[in-house]
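Peer 1: Starting off with a structure, shown below.
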Amino acid sequence: LCGAGGQRRCTTTLTVLRSSTWPPSQSQDPISRRYVWDIIQEAKAGRAIVLTTHSMEEADILGDRIAIMARGRLKAIGSSLRLKQKYGAGYTLVVSVQQPASGDNSADALGARAEAVRDFFLSRLSLLPFDEGRCHLHYLVPREHEARLGAVLVELEQQQAAMGVSDVQLSLTSLEEVFLTIARKVGAGAVRASQTRRMCLQHVHSLRSTWIALV
């Protein structure tokens, strides 16, 4: 006998061999989920696989083309990169700082370097970190700053040693953010449609009342 994760791994393996439908991976532990994803990746060769999931991470990793549904209707379809470019809020930038080479391991020394990074992005892009730790600062760079971002990163690289920057990571916003953006747009549209319907009904009711009064 094996646990639930082992049973799902066995079921997934048999499913691929039978070209049938495999169970969802959301309830699995991370190791079992990765195992299932590896099986699906290997099984994609020569097959068309339709996978439905609530996990945007799973869709991002496994999906060659991703379709997003909201309120029962298809709202967007495309590759992960295409969807992020079209619906994403911009870029996520993570800047890491390190202790001075002088051996000063005090919190003040590291804090001074983090403050220098904050001042740098505030003066160049008018951005403040949305999250930060002892050595890391996380920025959300809006799409309207995209044209200036390249020059700013080049300048940051030139001042990297002086500012104590050890690493810079730039990525598109997550597929989760894309889904939330689409869901918010659909929700706002539904609210506007409901308000328009209510106003029309009120107008019709007002006209009927006026006609009855005239009669």
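Chain lettering (A, B, ...) mirrors the order of the structure tokens, residue numbering begins at 1 for each chain separately, and ligand numbering begins at 1 in order of display.
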Kindly provide the residues of segment 40-105 of chain A that approach segment 159-182 of chain A to within 8 Å, each paired with its closest atom pair and their distance in Å to one decimal, based on only C-alpha atoms, listed by chain and increasing number, as JSON lines.
Peer 2:
```
{"residue": "A:Met56", "atom": "CA", "partner": "A:Glu176", "partner_atom": "CA", "distance": 5.5}
{"residue": "A:Glu57", "atom": "CA", "partner": "A:Leu175", "partner_atom": "CA", "distance": 7.3}
{"residue": "A:Asp60", "atom": "CA", "partner": "A:Leu175", "partner_atom": "CA", "distance": 6.7}
{"residue": "A:Ile68", "atom": "CA", "partner": "A:Phe179", "partner_atom": "CA", "distance": 7.1}
{"residue": "A:Ala70", "atom": "CA", "partner": "A:Ile182", "partner_atom": "CA", "distance": 7.7}
{"residue": "A:Lys75", "atom": "CA", "partner": "A:Ile182", "partner_atom": "CA", "distance": 7.5}
{"residue": "A:Ser80", "atom": "CA", "partner": "A:Leu175", "partner_atom": "CA", "distance": 7.2}
{"residue": "A:Leu83", "atom": "CA", "partner": "A:Val178", "partner_atom": "CA", "distance": 7.0}
{"residue": "A:Lys84", "atom": "CA", "partner": "A:Val178", "partner_atom": "CA", "distance": 6.2}
{"residue": "A:Gln85", "atom": "CA", "partner": "A:Leu172", "partner_atom": "CA", "distance": 7.6}
{"residue": "A:Tyr87", "atom": "CA", "partner": "A:Val178", "partner_atom": "CA", "distance": 5.5}
{"residue": "A:Gly88", "atom": "CA", "partner": "A:Val178", "partner_atom": "CA", "distance": 5.2}
{"residue": "A:Ala89", "atom": "CA", "partner": "A:Thr173", "partner_atom": "CA", "distance": 6.5}
{"residue": "A:Gly90", "atom": "CA", "partner": "A:Thr173", "partner_atom": "CA", "distance": 6.0}
{"residue": "A:Tyr91", "atom": "CA", "partner": "A:Leu172", "partner_atom": "CA", "distance": 4.5}
{"residue": "A:Thr92", "atom": "CA", "partner": "A:Ser171", "partner_atom": "CA", "distance": 5.3}
{"residue": "A:Leu93", "atom": "CA", "partner": "A:Leu170", "partner_atom": "CA", "distance": 4.6}
{"residue": "A:Val94", "atom": "CA", "partner": "A:Gln169", "partner_atom": "CA", "distance": 5.1}
{"residue": "A:Val95", "atom": "CA", "partner": "A:Val168", "partner_atom": "CA", "distance": 4.7}
{"residue": "A:Ser96", "atom": "CA", "partner": "A:Asp167", "partner_atom": "CA", "distance": 5.1}
{"residue": "A:Val97", "atom": "CA", "partner": "A:Val165", "partner_atom": "CA", "distance": 4.3}
{"residue": "A:Gln98", "atom": "CA", "partner": "A:Gly164", "partner_atom": "CA", "distance": 5.7}
{"residue": "A:Gln99", "atom": "CA", "partner": "A:Gly164", "partner_atom": "CA", "distance": 7.2}
{"residue": "A:Pro100", "atom": "CA", "partner": "A:Gly164", "partner_atom": "CA", "distance": 6.8}
```
Peer 1: For Arg65 of chain A, please output as a ChimeraX atom specification all residues within 9 Å (counting only C-alpha atoms; exclusion window: fewer than 5 positions along the same chain).
Peer 2: /A:59,77-80
Peer 1: What's the separation between atom CA of Arg82 of chain A and atom CA of Gly150 of chain A, in Å to one decimal place?
Peer 2: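 That distance, rounded to one decimal, is 20.4 Å.
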Peer 1: Mind giving me the straight-line distance from atom CA of Ala183 of chain A to atom CA of Ala76 of chain A in Å, one decimal?
Peer 2: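 If I compute the distance from atom CA of Ala183 of chain A to atom CA of Ala76 of chain A, I get 10.8 Å.
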Peer 1: Running DSSP on the backbone, which parts of segment 70-143 of chain A land in strand (DSSP E), as a list in words?
Peer 2: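 Put together, the selection reads Ala70, Arg73, Leu74, Lys75, Ala76, Ile77, Gly78, Gly90, Tyr91, Thr92, Leu93, Val94, Val95, Ser96, Val97, Asp131, Glu132, His136, Leu137, His138, Tyr139, Leu140, Val141 and Pro142 of chain A.
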